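K.L.:
Take this structure, written in structure tokens, and hold onto it; I'll ask about it next.
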Amino acid sequence: MHGNMMDSSLLIIDLLNHGRQRFPQQQVISRRLEGDIHRSNYQEIWQRSAQLAHALLELGVQPGDCIASLAWNTHRHMELYYAVSGIGAVLHTVNPRLFSEQIEYIINHAEDQLVFVDLSFVELLEPLQARLQTVKGFVVMTDEAHMPETTLEPLFCFESLLDDQPIDFTWPRFDENIAAALCYTSGTTGNPKGVLYSHRAMVLHAMATASRELLDLTPDTVLLPMVAMYHAGAWGAPYAAPLSGCKLVLPGNGMDGKSMAELIAAEQVTVGLGVPTIWLTLHNYWSDAGVNKSSLTRVCVGGAASPLGMVKLYQERYGIYWQPIWGMTETGPLATSLPPSPAVMQLPPEQRYTLQTTAGQAAFGVEMGIFGGDDQPLPHDGETTGELRVRGPWICSQYYKNPDLSAFPNGWLATGDIAVIDAEGYMRVVDRKKDVIKSGGEWISSLEIESIVSQHPAVNECCVIGAKHPKWDERPVLIVVGNRGITVDEKDLTLFLNGKIARWWMPDQILFVEALPKTGTGKVLKNELRDRYGSVLLAAIQV
């Protein structure tokens, strides 16, 4: 027997509709590529999304068509988020930091009909145009005064498309399981794989994201997503912000420390989203500028493990809570977090800091398990390690146009993370499956060594890789970027690690470098470091 409740579809456009009805004057701030700071609100975003929807229909966009964007975090990109999905088409956010061959591959694989592009990425597309098989036009996301000289054709101006269009639009109602957005993984091997999100999944994800279990957003929050809207939907910020009514600050291409610090101070940002390297960049700028106070109360950090040194640094120097998050492109992306609840904040500092290096607990709707090599579930005892698997209503069930289901065993998503889960549901990623170091038949966690080394005052950032060894198969090598003005050597760091890790975990070699290679989303490229330094121990032994 079914209940007698209305069957109303959960559609993305309803999130913005809620924002403009309940919080019409709440601000949306954008640093634009034209160089100015643009001020809008949810009512204006709603009206301009309607104008853009009319323009898309005039350009021939049909329900189910894929529309690509290569763009930073701005109000125009946000308007595109709602206009495209609102008419039943699919927004394909393209990561411009991928290799050009990968960009060509995913635009063709998605069969994109139009490409919306920011000024800074126009030149990137020009050499690819002839090989983009389905693209019928390019829209530069600017006004007529800033239109570039380019060989792209046919070419349209974003603002000109909106001119004279009505600010009202009759948004269609359709099945909530219709596709709304497409994002390809930034994998380091093989072609990127597409994750196709539905309206239902994104609305449920937005509700979870705004809740106290994840980002805890309210109308008093001033949110700065330093995660790009071109990858994993800026962690759902463009959807959760109007739902919660918070002020939204979009940084454009201002990803450097100075630009971040200026925007945080000017707009009194309270919550930031970003990978650890973003907050390291901000700290380095603040440190050089002598800044030790900020309006920020929380930085929500995912995309890589939370180093204990950064957790302590942000709390003790700036009074900012480092809030860990875990997720993937395939998980919506947010799945777990550790907000600063009263229970967490009442813990002794060292106990709380340790908890902040975990991934926290799963949000409602997300089920987690760890599995052994025999495909059997393992106990959640805080000690047993296994591959992390997740499932839930905003978790990917299959890659786009890809029949291979090996990453989705028995209805779960196999994440590729090696993790432990304790009896209270706190999950800690021990290592990526591909990054774990196997030495003499035993596992060594690169992340745990990195977290400890990050606490040394002379270390700015670090990375541990497994290097080939003739006897032990692999041994750890520590690669360090030092803080400016502080000297440190291999002996110092070895002494620092003594007693903090097992003796057989001690790195066989410590290398000092100027910088670590990173992806366009700020993750350290361990595969590149393995290519560069993976044989360093063999060379040392031969000498």
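As shown in the structure tokens, the chain order sets the letters A, B, ...; within each chain, residues go from 1, and ligands are also counted from 1 in the order they appear.
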Do you know which residues are at most 7 Å from segment 398-403 of chain A counting only C-alpha atoms, after dropping those on the same chain fewer than 3 positions away, and could you put them as a list in words?
P.N.:
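So the residues in contact are Lys193, Gly194, Val195 and Leu196 of chain A.
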K.L.:
If you take only C-alpha atoms and a cut-off of 6 Å, which residues of segment 11-32 of chain A touch segment 36-44 of chain A, and what are their nearest atom pairs and distances in Å to one decimal, in chain and number order, as a Markdown table?
P.N.:
```
| residue | atom | partner | partner_atom | distance |
| --- | --- | --- | --- | --- |
| A:Arg20 | CA | A:Gln43 | CA | 4.7 |
| A:Pro24 | CA | A:Gln43 | CA | 4.7 |
| A:Gln25 | CA | A:Asn41 | CA | 5.3 |
| A:Gln26 | CA | A:Asn41 | CA | 5.3 |
| A:Gln27 | CA | A:Asn41 | CA | 4.3 |
| A:Val28 | CA | A:Asn41 | CA | 4.9 |
| A:Ile29 | CA | A:Arg39 | CA | 4.8 |
| A:Ser30 | CA | A:His38 | CA | 5.0 |
| A:Arg31 | CA | A:Ile37 | CA | 4.6 |
| A:Arg32 | CA | A:Asp36 | CA | 5.6 |
```
K.L.:
As a VMD selection string, please: the residues near segment 463-470 of chain A (cut-off 7 Å, only C-alpha atoms, same-chain neighbours under 4 positions excluded).
P.N.:
chain A and resid 437 446 450 474 to 480 526 530 533 to 538
K.L.:
What does the structure give for the distance between atom CA of Tyr353 of chain A and atom CA of Trp326 of chain A, in Å to one decimal?
P.N.:
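Rounded to one decimal, the two atoms are 16.5 Å apart.
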K.L.:
What residues in segment 33-242 of chain A get the DSSP label helix (DSSP H, G or I)? Please answer as a ChimeraX atom specification.
P.N.:
/A:42-58,75-86,100-110,119-131,144-146,158-162,199-210,232-242
K.L.:
For segment 94-147 of chain A against segment 225-246 of chain A, with a cut-off of 8 Å and counting only C-alpha atoms, what is the closest atom pair and its distance in Å to one decimal for every residue that makes the cut, ordered by chain and number, as JSON lines?
P.N.:
```
{"residue": "A:Val94", "atom": "CA", "partner": "A:Tyr230", "partner_atom": "CA", "distance": 5.6}
{"residue": "A:Asn95", "atom": "CA", "partner": "A:Tyr230", "partner_atom": "CA", "distance": 5.3}
{"residue": "A:Pro96", "atom": "CA", "partner": "A:Tyr230", "partner_atom": "CA", "distance": 7.7}
```
K.L.:
Could the residues in this selection be saved with N, CA and C atoms as a CSV table (one decimal), in the first residue's frame?
P.N.:
```csv
chain,number,residue,atom,x,y,z
A,94,VAL,N,33.9,21.5,-17.9
A,94,VAL,CA,35.1,20.9,-18.4
A,94,VAL,C,36.3,21.5,-17.6
A,95,ASN,N,37.1,20.7,-17.1
A,95,ASN,CA,38.3,21.2,-16.4
A,95,ASN,C,39.4,21.6,-17.3
A,96,PRO,N,39.6,23.0,-17.4
A,96,PRO,CA,40.6,23.5,-18.4
A,96,PRO,C,42.0,23.1,-18.0
```
K.L.:
Run DSSP on the backbone and grab whatever in segment 426-504 of chain A lands in strand (DSSP E or B); send it over as number ranges by chain.
P.N.:
A: 427-432, 437-439, 442-444, 459-469, 473-482, 498, 501
K.L.:
A:Ala458, A:Lys136, A:Gly386, A:Val203: which is nearest Asp374 of chain A, counting only C-alpha atoms?
P.N.:
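Of all the options, A:Gly386 lies closest to Asp374 of chain A.
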K.L.:
Using only C-alpha atoms, which of the listed residues (A:Lys438, A:His109, A:Arg173, A:Arg97) sits closest to Phe121 of chain A?
P.N.:
A:Arg97
